[in-house]
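> work-v7.cif is reproduced in full below (mmCIF, C-alpha atoms).
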data_entry
#
loop_
_atom_site.group_PDB
_atom_site.id
_atom_site.type_symbol
_atom_site.label_atom_id
_atom_site.label_comp_id
_atom_site.auth_asym_id
_atom_site.auth_seq_id
_atom_site.Cartn_x
_atom_site.Cartn_y
_atom_site.Cartn_z
ATOM 1 C CA MET A 192 77.962 -27.448 29.420
ATOM 2 C CA THR A 193 77.015 -23.774 29.806
ATOM 3 C CA LYS A 194 76.160 -23.521 26.121
ATOM 4 C CA LEU A 195 73.890 -26.546 26.426
ATOM 5 C CA VAL A 196 72.018 -25.042 29.371
ATOM 6 C CA VAL A 197 71.564 -21.752 27.516
ATOM 7 C CA ALA A 198 70.341 -23.563 24.414
ATOM 8 C CA LEU A 199 67.810 -25.516 26.420
ATOM 9 C CA ALA A 200 66.583 -22.362 28.136
ATOM 10 C CA VAL A 201 66.138 -20.587 24.807
ATOM 11 C CA SER A 202 64.240 -23.537 23.319
ATOM 12 C CA LEU A 203 61.853 -23.555 26.272
ATOM 13 C CA LEU A 204 61.229 -19.837 25.933
ATOM 14 C CA LEU A 205 60.490 -20.210 22.226
ATOM 15 C CA ALA A 206 58.220 -23.248 22.629
ATOM 16 C CA PRO A 207 54.506 -22.713 21.902
ATOM 17 C CA ALA A 208 52.377 -21.877 24.897
ATOM 18 C CA SER A 209 50.410 -25.079 24.382
ATOM 19 C CA ALA A 210 53.565 -27.178 24.764
ATOM 20 C CA ALA A 211 54.066 -26.089 28.366
ATOM 21 C CA GLY A 212 51.469 -27.770 30.530
ATOM 22 C CA ALA A 213 49.979 -29.516 27.510
ATOM 23 C CA ASP A 214 48.359 -32.088 29.798
ATOM 24 C CA ARG A 215 46.403 -29.389 31.639
ATOM 25 C CA LEU A 216 42.983 -28.527 30.294
ATOM 26 C CA PRO A 217 42.385 -24.905 29.283
ATOM 27 C CA ASP A 218 39.840 -22.799 31.133
ATOM 28 C CA ALA A 219 37.652 -22.856 28.030
ATOM 29 C CA GLU A 220 37.502 -23.638 24.327
ATOM 30 C CA VAL A 221 36.083 -21.621 21.457
ATOM 31 C CA PHE A 222 35.079 -23.199 18.132
ATOM 32 C CA ALA A 223 34.938 -20.672 15.303
ATOM 33 C CA ALA A 224 35.162 -20.273 11.536
ATOM 34 C CA SER A 225 36.208 -17.331 9.419
ATOM 35 C CA THR A 226 33.664 -17.744 6.632
ATOM 36 C CA THR A 227 30.003 -18.539 6.026
ATOM 37 C CA ASP A 228 30.639 -20.198 2.647
ATOM 38 C CA VAL A 229 28.476 -23.220 1.849
ATOM 39 C CA ILE A 230 30.773 -26.070 0.776
ATOM 40 C CA THR A 231 29.338 -29.402 -0.343
ATOM 41 C CA ASP A 232 32.339 -30.839 -2.224
ATOM 42 C CA PRO A 233 34.908 -32.535 0.066
ATOM 43 C CA ALA A 234 37.583 -31.780 -2.549
ATOM 44 C CA ASP A 235 36.911 -28.030 -2.474
ATOM 45 C CA PRO A 236 40.270 -26.179 -2.167
ATOM 46 C CA ARG A 237 38.773 -23.879 0.480
ATOM 47 C CA LEU A 238 38.982 -26.858 2.833
ATOM 48 C CA ASP A 239 42.782 -26.894 2.557
ATOM 49 C CA VAL A 240 43.423 -23.425 4.001
ATOM 50 C CA ARG A 241 45.454 -23.293 7.213
ATOM 51 C CA LEU A 242 43.656 -20.232 8.644
ATOM 52 C CA VAL A 243 46.923 -18.801 9.973
ATOM 53 C CA GLY A 244 45.773 -15.201 9.720
ATOM 54 C CA PHE A 245 42.487 -16.137 11.368
ATOM 55 C CA ARG A 246 44.405 -17.728 14.235
ATOM 56 C CA ARG A 247 46.318 -14.500 14.824
ATOM 57 C CA GLN A 248 43.159 -12.382 14.632
ATOM 58 C CA VAL A 249 41.335 -14.543 17.153
ATOM 59 C CA ALA A 250 44.320 -14.528 19.522
ATOM 60 C CA GLU A 251 44.237 -10.731 19.505
ATOM 61 C CA ILE A 252 40.477 -10.685 20.123
ATOM 62 C CA VAL A 253 40.958 -13.058 23.067
ATOM 63 C CA ARG A 254 43.643 -10.797 24.563
ATOM 64 C CA ARG A 255 41.523 -7.666 24.156
ATOM 65 C CA GLY A 256 38.627 -9.528 25.753
ATOM 66 C CA GLY A 257 40.644 -10.214 28.889
ATOM 67 C CA GLY A 258 41.640 -13.822 28.193
ATOM 68 C CA ARG A 259 44.933 -15.501 27.389
ATOM 69 C CA PRO A 260 45.209 -17.475 24.126
ATOM 70 C CA ARG A 261 46.943 -20.770 24.764
ATOM 71 C CA GLY A 262 46.819 -22.669 21.491
ATOM 72 C CA SER A 263 44.742 -23.535 18.459
ATOM 73 C CA GLU A 264 43.978 -26.590 16.346
ATOM 74 C CA LEU A 265 42.713 -26.885 12.779
ATOM 75 C CA LEU A 266 39.426 -28.723 12.353
ATOM 76 C CA ASP A 267 37.415 -30.076 9.450
ATOM 77 C CA GLY A 268 33.765 -29.768 10.311
ATOM 78 C CA VAL A 269 30.500 -31.131 8.971
ATOM 79 C CA PHE A 270 27.382 -29.242 10.028
ATOM 80 C CA PHE A 271 23.755 -29.923 9.201
ATOM 81 C CA SER A 272 21.611 -26.911 8.359
ATOM 82 C CA SER A 273 17.882 -27.302 8.863
ATOM 83 C CA ILE A 274 17.436 -24.176 6.732
ATOM 84 C CA LEU A 275 19.441 -25.540 3.797
ATOM 85 C CA GLY A 276 18.322 -29.114 4.342
ATOM 86 C CA PHE A 277 21.761 -30.667 3.877
ATOM 87 C CA ALA A 278 25.190 -30.921 5.496
ATOM 88 C CA THR A 279 28.012 -28.532 4.675
ATOM 89 C CA PHE A 280 31.766 -28.832 5.114
ATOM 90 C CA GLN A 281 33.701 -26.147 6.942
ATOM 91 C CA ARG A 282 37.355 -25.587 7.813
ATOM 92 C CA SER A 283 37.546 -24.044 11.275
ATOM 93 C CA ARG A 284 39.696 -23.797 14.380
ATOM 94 C CA GLU A 285 39.388 -24.673 18.045
ATOM 95 C CA PHE A 286 40.997 -22.134 20.372
ATOM 96 C CA ASP A 287 42.168 -22.862 23.924
ATOM 97 C CA VAL A 288 41.604 -19.900 26.230
ATOM 98 C CA ASP A 289 42.927 -19.365 29.764
ATOM 99 C CA SER A 290 42.343 -16.755 32.471
ATOM 100 C CA VAL A 291 38.835 -15.906 31.323
ATOM 101 C CA THR A 292 35.524 -15.565 33.161
ATOM 102 C CA ARG A 293 32.285 -16.871 31.704
ATOM 103 C CA ARG A 294 31.140 -13.329 30.955
ATOM 104 C CA GLN A 295 34.425 -12.540 29.189
ATOM 105 C CA LEU A 296 34.226 -15.801 27.237
ATOM 106 C CA ARG A 297 30.723 -14.942 26.044
ATOM 107 C CA ALA A 298 31.824 -11.440 25.021
ATOM 108 C CA ILE A 299 34.829 -12.838 23.125
ATOM 109 C CA ALA A 300 32.607 -15.299 21.270
ATOM 110 C CA ASP A 301 30.124 -12.559 20.407
ATOM 111 C CA THR A 302 32.930 -10.390 19.041
ATOM 112 C CA LEU A 303 34.062 -13.293 16.851
ATOM 113 C CA ARG A 304 30.509 -13.894 15.690
ATOM 114 C CA ARG A 305 30.074 -10.287 14.608
ATOM 115 C CA ARG A 306 33.566 -9.882 13.144
ATOM 116 C CA PHE A 307 33.279 -12.971 10.938
ATOM 117 C CA HIS A 308 29.516 -12.816 10.299
ATOM 118 C CA GLN A 309 28.741 -16.145 11.964
ATOM 119 C CA GLN A 310 25.258 -17.191 13.014
ATOM 120 C CA SER A 311 26.719 -18.401 16.318
ATOM 121 C CA VAL A 312 30.019 -19.320 17.951
ATOM 122 C CA LEU A 313 30.283 -22.394 20.170
ATOM 123 C CA THR A 314 32.085 -22.220 23.522
ATOM 124 C CA PHE A 315 32.884 -25.023 25.963
ATOM 125 C CA ASP A 316 33.739 -23.916 29.489
ATOM 126 C CA TYR A 317 35.434 -26.276 31.931
ATOM 127 C CA PRO A 318 34.219 -25.993 35.548
ATOM 128 C CA ASP A 319 36.657 -24.591 38.106
ATOM 129 C CA ARG A 320 34.222 -24.477 41.032
ATOM 130 C CA ARG A 321 31.773 -27.050 42.305
ATOM 131 C CA SER A 322 28.958 -24.577 41.710
ATOM 132 C CA ASP A 323 29.782 -24.138 38.005
ATOM 133 C CA PRO A 324 27.123 -25.563 35.666
ATOM 134 C CA ILE A 325 27.819 -28.849 33.909
ATOM 135 C CA ASP A 326 25.329 -29.454 31.139
ATOM 136 C CA ALA A 327 27.390 -30.805 28.241
ATOM 137 C CA VAL A 328 30.158 -33.159 27.213
ATOM 138 C CA GLU A 329 33.036 -32.998 24.791
ATOM 139 C CA LEU A 330 33.466 -36.438 23.263
ATOM 140 C CA GLU A 331 36.778 -37.070 21.500
ATOM 141 C CA VAL A 332 37.008 -40.329 19.541
ATOM 142 C CA PRO A 333 39.946 -41.507 17.399
ATOM 143 C CA GLY A 334 39.556 -43.165 14.010
ATOM 144 C CA VAL A 335 37.063 -40.979 12.128
ATOM 145 C CA GLY A 336 37.489 -39.100 8.855
ATOM 146 C CA THR A 337 35.422 -36.206 7.535
ATOM 147 C CA ARG A 338 33.656 -38.228 4.833
ATOM 148 C CA ARG A 339 32.478 -40.808 7.352
ATOM 149 C CA LEU A 340 31.188 -37.991 9.523
ATOM 150 C CA ARG A 341 29.257 -36.490 6.603
ATOM 151 C CA ASP A 342 27.869 -39.848 5.484
ATOM 152 C CA GLY A 343 26.825 -40.609 9.051
ATOM 153 C CA PHE A 344 24.830 -37.409 9.354
ATOM 154 C CA ALA A 345 23.258 -38.024 5.946
ATOM 155 C CA VAL A 346 21.577 -41.237 7.130
ATOM 156 C CA ASP A 347 21.034 -40.536 10.829
ATOM 157 C CA GLN A 348 18.230 -38.021 11.351
ATOM 158 C CA GLN A 349 18.433 -38.190 15.154
ATOM 159 C CA ALA A 350 22.157 -37.372 15.125
ATOM 160 C CA ARG A 351 21.587 -34.512 12.695
ATOM 161 C CA GLU A 352 18.851 -32.931 14.771
ATOM 162 C CA ARG A 353 20.395 -33.473 18.220
ATOM 163 C CA LEU A 354 24.144 -33.099 17.558
ATOM 164 C CA LEU A 355 23.821 -30.618 14.641
ATOM 165 C CA GLY A 356 27.391 -31.226 13.568
ATOM 166 C CA GLY A 357 30.867 -32.271 14.539
ATOM 167 C CA SER A 358 34.520 -31.777 13.733
ATOM 168 C CA VAL A 359 37.512 -33.926 12.873
ATOM 169 C CA THR A 360 41.123 -33.051 13.627
ATOM 170 C CA LEU A 361 43.834 -33.519 11.017
ATOM 171 C CA ASP A 362 44.875 -36.762 12.728
ATOM 172 C CA HIS A 363 41.305 -38.117 12.523
ATOM 173 C CA ARG A 364 39.979 -37.514 16.018
ATOM 174 C CA LEU A 365 36.254 -36.878 16.039
ATOM 175 C CA ILE A 366 35.064 -34.076 18.337
ATOM 176 C CA LEU A 367 31.392 -33.868 19.292
ATOM 177 C CA ILE A 368 29.984 -31.313 21.727
ATOM 178 C CA ALA A 369 26.687 -32.635 23.051
ATOM 179 C CA SER A 370 24.295 -32.127 25.923
ATOM 180 C CA LEU A 371 24.708 -34.500 28.860
ATOM 181 C CA ARG A 372 21.503 -36.292 27.935
ATOM 182 C CA ASP A 373 22.863 -36.953 24.430
ATOM 183 C CA LEU A 374 26.124 -38.606 25.505
ATOM 184 C CA ARG A 375 24.791 -42.082 24.724
ATOM 185 C CA LEU A 376 23.590 -40.875 21.312
ATOM 186 C CA ALA A 377 26.978 -39.287 20.583
ATOM 187 C CA LYS A 378 28.822 -42.492 21.489
ATOM 188 C CA ARG A 379 26.462 -44.605 19.404
ATOM 189 C CA PHE A 380 26.867 -42.289 16.424
ATOM 190 C CA ALA A 381 30.669 -42.231 16.765
ATOM 191 C CA ARG A 382 30.777 -46.023 16.899
ATOM 192 C CA GLU A 383 28.585 -46.407 13.815
ATOM 193 C CA ILE A 384 30.842 -44.177 11.714
ATOM 194 C CA GLY A 385 33.942 -46.146 12.665
ATOM 195 C CA GLY A 386 35.191 -44.351 15.770
ATOM 196 C CA ARG A 387 37.118 -46.284 18.398
ATOM 197 C CA VAL A 388 34.746 -45.440 21.235
ATOM 198 C CA LYS A 389 36.603 -47.629 23.750
ATOM 199 C CA GLU A 390 39.510 -45.173 23.400
ATOM 200 C CA ALA A 391 37.281 -42.099 23.670
ATOM 201 C CA THR A 392 37.860 -39.200 26.027
ATOM 202 C CA VAL A 393 34.838 -37.616 27.686
ATOM 203 C CA ARG A 394 35.131 -34.180 29.294
ATOM 204 C CA ARG A 395 32.272 -32.445 31.077
ATOM 205 C CA GLY A 396 31.562 -28.742 31.129
ATOM 206 C CA HIS A 397 29.198 -25.975 30.038
ATOM 207 C CA ARG A 398 28.452 -25.287 26.384
ATOM 208 C CA GLU A 399 26.922 -22.195 24.857
ATOM 209 C CA PHE A 400 26.032 -21.222 21.324
ATOM 210 C CA VAL A 401 26.696 -17.487 21.433
ATOM 211 C CA GLY A 402 24.569 -15.758 18.852
#
So, in terms of structure tokens, how does the structure I just supplied come out?


Amino acid sequence: MTKLVVALAVSLLLAPASAAGADRLPDAEVFAASTTDVITDPADPRLDVRLVGFRRQVAEIVRRGGGRPRGSELLDGVFFSSILGFATFQRSREFDVDSVTRRQLRAIADTLRRRFHQQSVLTFDYPDRRSDPIDAVELEVPGVGTRRLRDGFAVDQQARERLLGGSVTLDHRLILIASLRDLRLAKRFAREIGGRVKEATVRRGHREFVG
């Protein structure tokens, strides 16, 4: 019996930080990539990288910036560039961050932007006070793959120009960060590319493109 208790205690200590309190939202999220490569082929091997080293680097930047890294998830993104005139694929990560102020979050994102030569880094900050600004939504919709996301942007000019891009998790959950006024557009777009919008999760907060 004692051995069992000890084993359970050890397993809890070794569990990832995201496993404990997994139902609780983080203070904020950071969406970032490690490269500026333009990728137009969905079969490009650069889209298979796990970004493990990048995950460790970002966790250290978060700690030095005063925050606490809580977990990270791989994402396959599709982003429309008005400069290039077409959509590009991008392997990236979403990082959960705790114990961080809005000023610290902005500084962390700016450090990531400069370190990895990004045009901007997207943050999504959950409100913890009634006075905190709420100007955006995070829409999470199951049932969408990366190719459907790309094809949807290719034919939907309004979605391209207003949403700019989106990401898909490895288990095919679409993630769109949109302004509050574009929530209806985001839901319509997700539905048209095959997302199960009736099962969607909508979270409200403050978004910022730091750059």

> With a distance cut-off of 8 Å and only C-alpha atoms, select the neighbouring residues of Asp287 of chain A, excluding the residue or stretch itself and same-chain residues fewer than 5 positions from it, and output the selection as an MDAnalysis selection string.

chainID A and resid 217:221 260:263

> When the PyMOL selection byres ((chain A and resi 289) around 6) is applied to the structure above, which residues does it catch, written out as a PyMOL selection string?

chain A and resi 217-218+258-259+288+290-291

> Would you list the contacts of Gly402 of chain A as a ChimeraX atom specification, taking every protein, DNA or RNA residue within 8 Å and counting all atoms listed in the file, but skipping same-chain residues closer than 4 positions in sequence?

/A:301,304,310-312

> Quick one: pull the distance between atom CA of Lys378 of chain A and atom CA of Ala391 of chain A, Å, one decimal.

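Between atom CA of Lys378 of chain A and atom CA of Ala391 of chain A the gap is 8.7 Å.
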
> Under the rule that only C-alpha atoms are counted, which of A:Ile230, A:Ile366, A:Leu330, A:Leu216 is the nearest residue to Ala278 of chain A?

A:Ile230

> Using all atoms listed in the file, which of A:Asp228, A:Asp347, A:Asp362, A:Asp267 sits nearest Pro333 of chain A?

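Of the candidates, the smallest distance to Pro333 of chain A is held by A:Asp362.
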
> Go through A:Arg387, A:Arg254, A:His397, A:Arg341 and flag the residue nearest Leu313 of chain A, using all atoms listed in the file for the distances.

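Going through A:Arg387, A:Arg254, A:His397, A:Arg341 one by one, the smallest distance to Leu313 of chain A is for A:His397.
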
> Let me know the residues the PyMOL selection byres ((chain A and resi 395) around 6) catches in the file above, as a list in words.

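Residues picked by the PyMOL selection byres ((chain A and resi 395) around 6): Ala327, Val328, Arg394 and Gly396 of chain A.
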
> Calculate, to one decimal in Å, the centre and edge lengths of the box along x, y and z of the file that holds all listed atoms of segment 307-312 of chain A with 6 Å of margin on each side, and present them as AutoDock Vina command-line options.


--center_x 29.3 --center_y -16.1 --center_z 14.1 --size_x 20.0 --size_y 18.5 --size_z 19.7

> Counting all atoms listed in the file, note down every residue that has an atom within 10 Å of the point (28.2, -39.6, 20.1) (file coordinates), as a VMD selection string.

chain A and resid 328 to 332 350 354 357 365 to 369 373 to 384 386 388

> Can you write out the residues you just picked, keeping C-alpha atoms, as a short mmCIF file (atom, residue, chain, number, x, y, z; two decimals), in the frame of the given file?


data_model
loop_
_atom_site.label_atom_id
_atom_site.label_comp_id
_atom_site.auth_asym_id
_atom_site.auth_seq_id
_atom_site.Cartn_x
_atom_site.Cartn_y
_atom_site.Cartn_z
CA VAL A 328 30.16 -33.16 27.21
CA GLU A 329 33.04 -33.00 24.79
CA LEU A 330 33.47 -36.44 23.26
CA GLU A 331 36.78 -37.07 21.50
CA VAL A 332 37.01 -40.33 19.54
CA ALA A 350 22.16 -37.37 15.12
CA LEU A 354 24.14 -33.10 17.56
CA GLY A 357 30.87 -32.27 14.54
CA LEU A 365 36.25 -36.88 16.04
CA ILE A 366 35.06 -34.08 18.34
CA LEU A 367 31.39 -33.87 19.29
CA ILE A 368 29.98 -31.31 21.73
CA ALA A 369 26.69 -32.64 23.05
CA ASP A 373 22.86 -36.95 24.43
CA LEU A 374 26.12 -38.61 25.50
CA ARG A 375 24.79 -42.08 24.72
CA LEU A 376 23.59 -40.88 21.31
CA ALA A 377 26.98 -39.29 20.58
CA LYS A 378 28.82 -42.49 21.49
CA ARG A 379 26.46 -44.60 19.40
CA PHE A 380 26.87 -42.29 16.42
CA ALA A 381 30.67 -42.23 16.76
CA ARG A 382 30.78 -46.02 16.90
CA GLU A 383 28.58 -46.41 13.82
CA ILE A 384 30.84 -44.18 11.71
CA GLY A 386 35.19 -44.35 15.77
CA VAL A 388 34.75 -45.44 21.24
#

> Which residues, named as in the file, does the PyMOL selection byres ((chain A and resi 239-243) around 12) pick out? Answer as a PDB file with C-alpha atoms, in the coordinates of the input.


ATOM      1  CA  ALA A 223      34.938 -20.672  15.303  1.00  0.00           C
ATOM      2  CA  ALA A 224      35.162 -20.273  11.536  1.00  0.00           C
ATOM      3  CA  SER A 225      36.208 -17.331   9.419  1.00  0.00           C
ATOM      4  CA  THR A 226      33.664 -17.744   6.632  1.00  0.00           C
ATOM      5  CA  PRO A 233      34.908 -32.535   0.066  1.00  0.00           C
ATOM      6  CA  ALA A 234      37.583 -31.780  -2.549  1.00  0.00           C
ATOM      7  CA  ASP A 235      36.911 -28.030  -2.474  1.00  0.00           C
ATOM      8  CA  PRO A 236      40.270 -26.179  -2.167  1.00  0.00           C
ATOM      9  CA  ARG A 237      38.773 -23.879   0.480  1.00  0.00           C
ATOM     10  CA  LEU A 238      38.982 -26.858   2.833  1.00  0.00           C
ATOM     11  CA  GLY A 244      45.773 -15.201   9.720  1.00  0.00           C
ATOM     12  CA  PHE A 245      42.487 -16.137  11.368  1.00  0.00           C
ATOM     13  CA  ARG A 246      44.405 -17.728  14.235  1.00  0.00           C
ATOM     14  CA  ARG A 247      46.318 -14.500  14.824  1.00  0.00           C
ATOM     15  CA  GLN A 248      43.159 -12.382  14.632  1.00  0.00           C
ATOM     16  CA  VAL A 249      41.335 -14.543  17.153  1.00  0.00           C
ATOM     17  CA  ALA A 250      44.320 -14.528  19.522  1.00  0.00           C
ATOM     18  CA  SER A 263      44.742 -23.535  18.459  1.00  0.00           C
ATOM     19  CA  GLU A 264      43.978 -26.590  16.346  1.00  0.00           C
ATOM     20  CA  LEU A 265      42.713 -26.885  12.779  1.00  0.00           C
ATOM     21  CA  LEU A 266      39.426 -28.723  12.353  1.00  0.00           C
ATOM     22  CA  ASP A 267      37.415 -30.076   9.450  1.00  0.00           C
ATOM     23  CA  PHE A 280      31.766 -28.832   5.114  1.00  0.00           C
ATOM     24  CA  GLN A 281      33.701 -26.147   6.942  1.00  0.00           C
ATOM     25  CA  ARG A 282      37.355 -25.587   7.813  1.00  0.00           C
ATOM     26  CA  SER A 283      37.546 -24.044  11.275  1.00  0.00           C
ATOM     27  CA  ARG A 284      39.696 -23.797  14.380  1.00  0.00           C
ATOM     28  CA  GLU A 285      39.388 -24.673  18.045  1.00  0.00           C
ATOM     29  CA  LEU A 361      43.834 -33.519  11.017  1.00  0.00           C
TER      30      LEU A 361
END

> May I ask for the distance between atom CA of Gly343 of chain A and atom CA of Val401 of chain A, given in Å to one decimal place?

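Between atom CA of Gly343 of chain A and atom CA of Val401 of chain A the gap is 26.2 Å.
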
> Which one of A:Ile252, A:Val229, A:Leu355, A:Ile325 sits closest to Leu303 of chain A if you count all atoms listed in the file?

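Of the candidates, the smallest distance to Leu303 of chain A is held by A:Ile252.
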
> Mind giving me the straight-line distance from atom CA of Thr314 of chain A to atom CA of Glu399 of chain A in Å, one decimal?

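Interatomic distance, atom CA of Thr314 of chain A to atom CA of Glu399 of chain A: 5.3 Å.
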
> Go through A:Glu390, A:Leu371, A:Leu296, A:Gln349 and flag the residue nearest Val253 of chain A, using only C-alpha atoms for the distances.

A:Leu296

> Go through A:Phe286, A:Tyr317, A:Phe344, A:Phe307 one by one, measure the shortest atom-to-atom distance of each to Gly356 of chain A using only C-alpha atoms, and give the residue with the smallest value.

A:Phe344
